[in-house]
Amino acid sequence: MVLNSEFNLRNVQGWRTGLSNLLSAEFGRWGTKDWYIMMAIWVAIINGSLLGVLSGTDDVASALMILGLLAGMFPVINVVIVLQDVIIGEKETGTAAWILSKPVSRPAYILSKLIGNVVGIAVSLAIVPGIVVYGTIYALRGVLLPPGPFFAAIALLALNLIFFLTLTLMLGTLFDSRGGVIGIPMLLGPGYSLFYSLPLISEFHPMSMFFPSGNADVSFFGAVALGEPVGSLIPFFITILGSILFTAIALWRFNREEL
């Protein structure tokens with residue numbers, strides 16, 4: 001295994017045992033050409049869609065609403081595909097058991113998967129495409145959006161992806177097959193449009209940040225991007241609390257996993 005070269009002796013004890021070495025391995029995986037290919041694909045998809053919208057309207061607010069819908073929903077599919085194999089795949093191949101036979105704590109194993117993928121996915125699916133979108137809007141419409149509010153909205157995209165990342169990671173510790181690990185996030189993410197009008201769903205679901213609610217002309221995402229007053233903050237806090245809860249459950253469950 002190539003991983004042999006990744007582990008160097010460090011004088012660290014407790015839950016952080018092995019964390020730095022595992023993080024080095026995770027960040028190394030995101031530094032490959034696959035990372036750049038995935039980033040280029042989503043930059044092309046998101047900006048290609050934005051070009052189509054801006055070619056038919058001068059209304060930047062409408063373009064931002066479409067951007068929120070596309071960038072908030074469809075990259076979730078990529079997150080689930082990447083994360084569904086992170087835990088289950090390594091349990092099936094015996095890689096997880098091999099890693100844990102080294103001086104590595106179980107919390108460090110889960111946290112390395114979490115931190116490494118959060119950074120990689122946030123950069124490739126939210127931050128870099130967001131920077132290109134900012135330049136595209138200026139180039140096509142001559143509108144220089146306030147950078148603070150705009151990139152705060154891009155942070156909402158990243159936060160939404162982290163919600164589904166932690167959900168998928170948690171499910172990987174709870175299930176031994178990929179069906180539930182893939183199906184549940186897909187239903188709650190891209191499948192959200194099928195039931196977002198149901199009572200309470202639109203008020204509490206993280207994805208509702210990208211859909212206009214009630215009589216609002218713009219979504220929570222669009223209002224943040226334009227620096228306008230936002231509506232209910234409940235979906236925002238639900239997204240944060242959900243991510244924390246999923247991480248806590250993943251740590252608790254994996255600590256009791258028999259490998």
# chains A, B, ... in the order shown; residues from 1 in each chain; ligands from 1
$ closest_atom_pairs --of "region 95-132 of chain A" --to "region 78-89 of chain A" --cutoff "10 Å" --atoms "only C-alpha atoms" --output "CSV"
residue,atom,partner,partner_atom,distance
A:Thr95,CA,A:Gly89,CA,8.3
A:Ala96,CA,A:Ile87,CA,7.8
A:Tyr109,CA,A:Ile87,CA,9.7
A:Ile110,CA,A:Ile87,CA,8.6
A:Lys113,CA,A:Val86,CA,7.4
A:Leu114,CA,A:Leu83,CA,9.5
A:Asn117,CA,A:Leu83,CA,8.1
A:Val118,CA,A:Val79,CA,9.8
A:Ile121,CA,A:Val79,CA,7.3
A:Leu125,CA,A:Asn78,CA,8.8
$ write_last_selection --atoms "C-alpha atoms" --output "CSV table (one decimal), in the first residue's frame"
chain,number,residue,atom,x,y,z
A,95,THR,CA,-8.0,-0.4,4.6
A,96,ALA,CA,-9.8,1.1,7.6
A,109,TYR,CA,-9.7,8.8,11.3
A,110,ILE,CA,-13.1,10.3,11.1
A,113,LYS,CA,-12.0,12.4,6.4
A,114,LEU,CA,-14.2,15.3,7.4
A,117,ASN,CA,-13.1,16.6,2.2
A,118,VAL,CA,-14.6,19.8,3.6
A,121,ILE,CA,-15.2,20.2,-1.7
A,125,LEU,CA,-17.5,23.2,-5.7
$ select_by_dssp --residues "region 123-204 of chain A" --states "alpha helix (DSSP H)" --output "count of residues only"
57
$ residues_around --residues "Gly180 (chain A)" --least-positions-apart "3" --cutoff "12 Å" --atoms "only C-alpha atoms" --output "ChimeraX atom specification"
/A:80,84,88,167-177,183-188
$ closest_atom_pairs --of "region 48-86 of chain A" --to "region 213-232 of chain A" --cutoff "9 Å" --atoms "only C-alpha atoms" --output "CSV"
residue,atom,partner,partner_atom,distance
A:Ala61,CA,A:Gly222,CA,6.8
A:Ser62,CA,A:Val218,CA,7.7
A:Leu64,CA,A:Gly222,CA,5.7
A:Met65,CA,A:Gly222,CA,5.6
A:Leu67,CA,A:Gly222,CA,8.8
A:Gly68,CA,A:Phe221,CA,6.3
$ write_last_selection --atoms "C-alpha atoms" --output "compact mmCIF listing (two decimals), in the first residue's frame"
# COMPACT_ATOMS: atom_id res chain seq x y z
CA ALA A 61 -31.06 39.32 -9.13
CA SER A 62 -32.82 36.73 -11.30
CA LEU A 64 -28.39 35.01 -8.80
CA MET A 65 -31.58 33.15 -7.95
CA LEU A 67 -27.29 30.42 -9.63
CA GLY A 68 -28.40 29.59 -6.09
$ closest_residue --among "A:Val123, A:Ala248, A:Leu100, A:Val181" --to "Met38 (chain A)" --atoms "only C-alpha atoms"
A:Val123
$ decode --residues "region 103-175 of chain A" --atoms "C-alpha atoms" --output "short mmCIF file (atom, residue, chain, number, x, y, z; two decimals), in the first residue's frame"
data_model
loop_
_atom_site.label_atom_id
_atom_site.label_comp_id
_atom_site.auth_asym_id
_atom_site.auth_seq_id
_atom_site.Cartn_x
_atom_site.Cartn_y
_atom_site.Cartn_z
CA PRO A 103 -0.93 4.46 16.07
CA VAL A 104 -4.12 6.17 14.91
CA SER A 105 -7.18 7.01 17.00
CA ARG A 106 -10.68 6.46 15.68
CA PRO A 107 -11.70 10.12 16.14
CA ALA A 108 -8.61 11.13 14.15
CA TYR A 109 -9.66 8.79 11.34
CA ILE A 110 -13.14 10.34 11.08
CA LEU A 111 -11.89 13.92 11.51
CA SER A 112 -9.28 13.47 8.78
CA LYS A 113 -12.02 12.36 6.37
CA LEU A 114 -14.16 15.28 7.44
CA ILE A 115 -11.55 18.04 7.31
CA GLY A 116 -9.85 16.84 4.14
CA ASN A 117 -13.10 16.56 2.21
CA VAL A 118 -14.58 19.78 3.60
CA VAL A 119 -11.59 21.76 2.32
CA GLY A 120 -11.46 19.97 -1.04
CA ILE A 121 -15.19 20.20 -1.74
CA ALA A 122 -15.58 23.78 -0.49
CA VAL A 123 -12.75 24.96 -2.75
CA SER A 124 -13.67 22.96 -5.86
CA LEU A 125 -17.48 23.19 -5.73
CA ALA A 126 -18.08 26.59 -4.12
CA ILE A 127 -15.14 28.99 -3.79
CA VAL A 128 -13.45 28.65 -7.18
CA PRO A 129 -16.73 28.52 -9.16
CA GLY A 130 -17.90 31.52 -7.09
CA ILE A 131 -14.83 33.55 -8.04
CA VAL A 132 -15.41 32.77 -11.71
CA VAL A 133 -19.12 33.66 -11.40
CA TYR A 134 -18.20 37.02 -9.87
CA GLY A 135 -15.96 37.78 -12.84
CA THR A 136 -18.56 36.52 -15.32
CA ILE A 137 -21.28 38.85 -14.00
CA TYR A 138 -18.93 41.80 -14.20
CA ALA A 139 -17.70 40.91 -17.68
CA LEU A 140 -21.20 40.43 -19.14
CA ARG A 141 -23.22 43.07 -17.30
CA GLY A 142 -20.61 45.47 -15.94
CA VAL A 143 -22.05 44.95 -12.46
CA LEU A 144 -19.48 44.73 -9.69
CA LEU A 145 -21.38 43.15 -6.83
CA PRO A 146 -20.29 44.03 -3.28
CA PRO A 147 -17.61 41.37 -2.66
CA GLY A 148 -18.44 40.93 1.04
CA PRO A 149 -22.11 40.00 0.61
CA PHE A 150 -21.45 38.00 -2.57
CA PHE A 151 -18.81 35.77 -1.03
CA ALA A 152 -20.92 35.44 2.12
CA ALA A 153 -23.51 33.90 -0.21
CA ILE A 154 -20.83 31.61 -1.66
CA ALA A 155 -20.06 30.58 1.93
CA LEU A 156 -23.73 29.54 2.19
CA LEU A 157 -23.17 27.23 -0.80
CA ALA A 158 -20.15 25.73 0.95
CA LEU A 159 -22.11 25.36 4.19
CA ASN A 160 -24.91 23.56 2.36
CA LEU A 161 -22.39 21.14 0.84
CA ILE A 162 -20.84 20.55 4.27
CA PHE A 163 -24.30 19.64 5.61
CA PHE A 164 -24.66 16.88 3.03
CA LEU A 165 -21.02 15.89 3.38
CA THR A 166 -21.39 15.29 7.11
CA LEU A 167 -24.74 13.55 6.56
CA THR A 168 -23.17 11.14 4.07
CA LEU A 169 -20.15 10.60 6.31
CA MET A 170 -22.43 9.78 9.24
CA LEU A 171 -24.49 7.35 7.17
CA GLY A 172 -21.27 5.63 6.15
CA THR A 173 -20.68 4.79 9.83
CA LEU A 174 -24.28 3.60 10.32
CA PHE A 175 -24.72 1.43 7.21
#
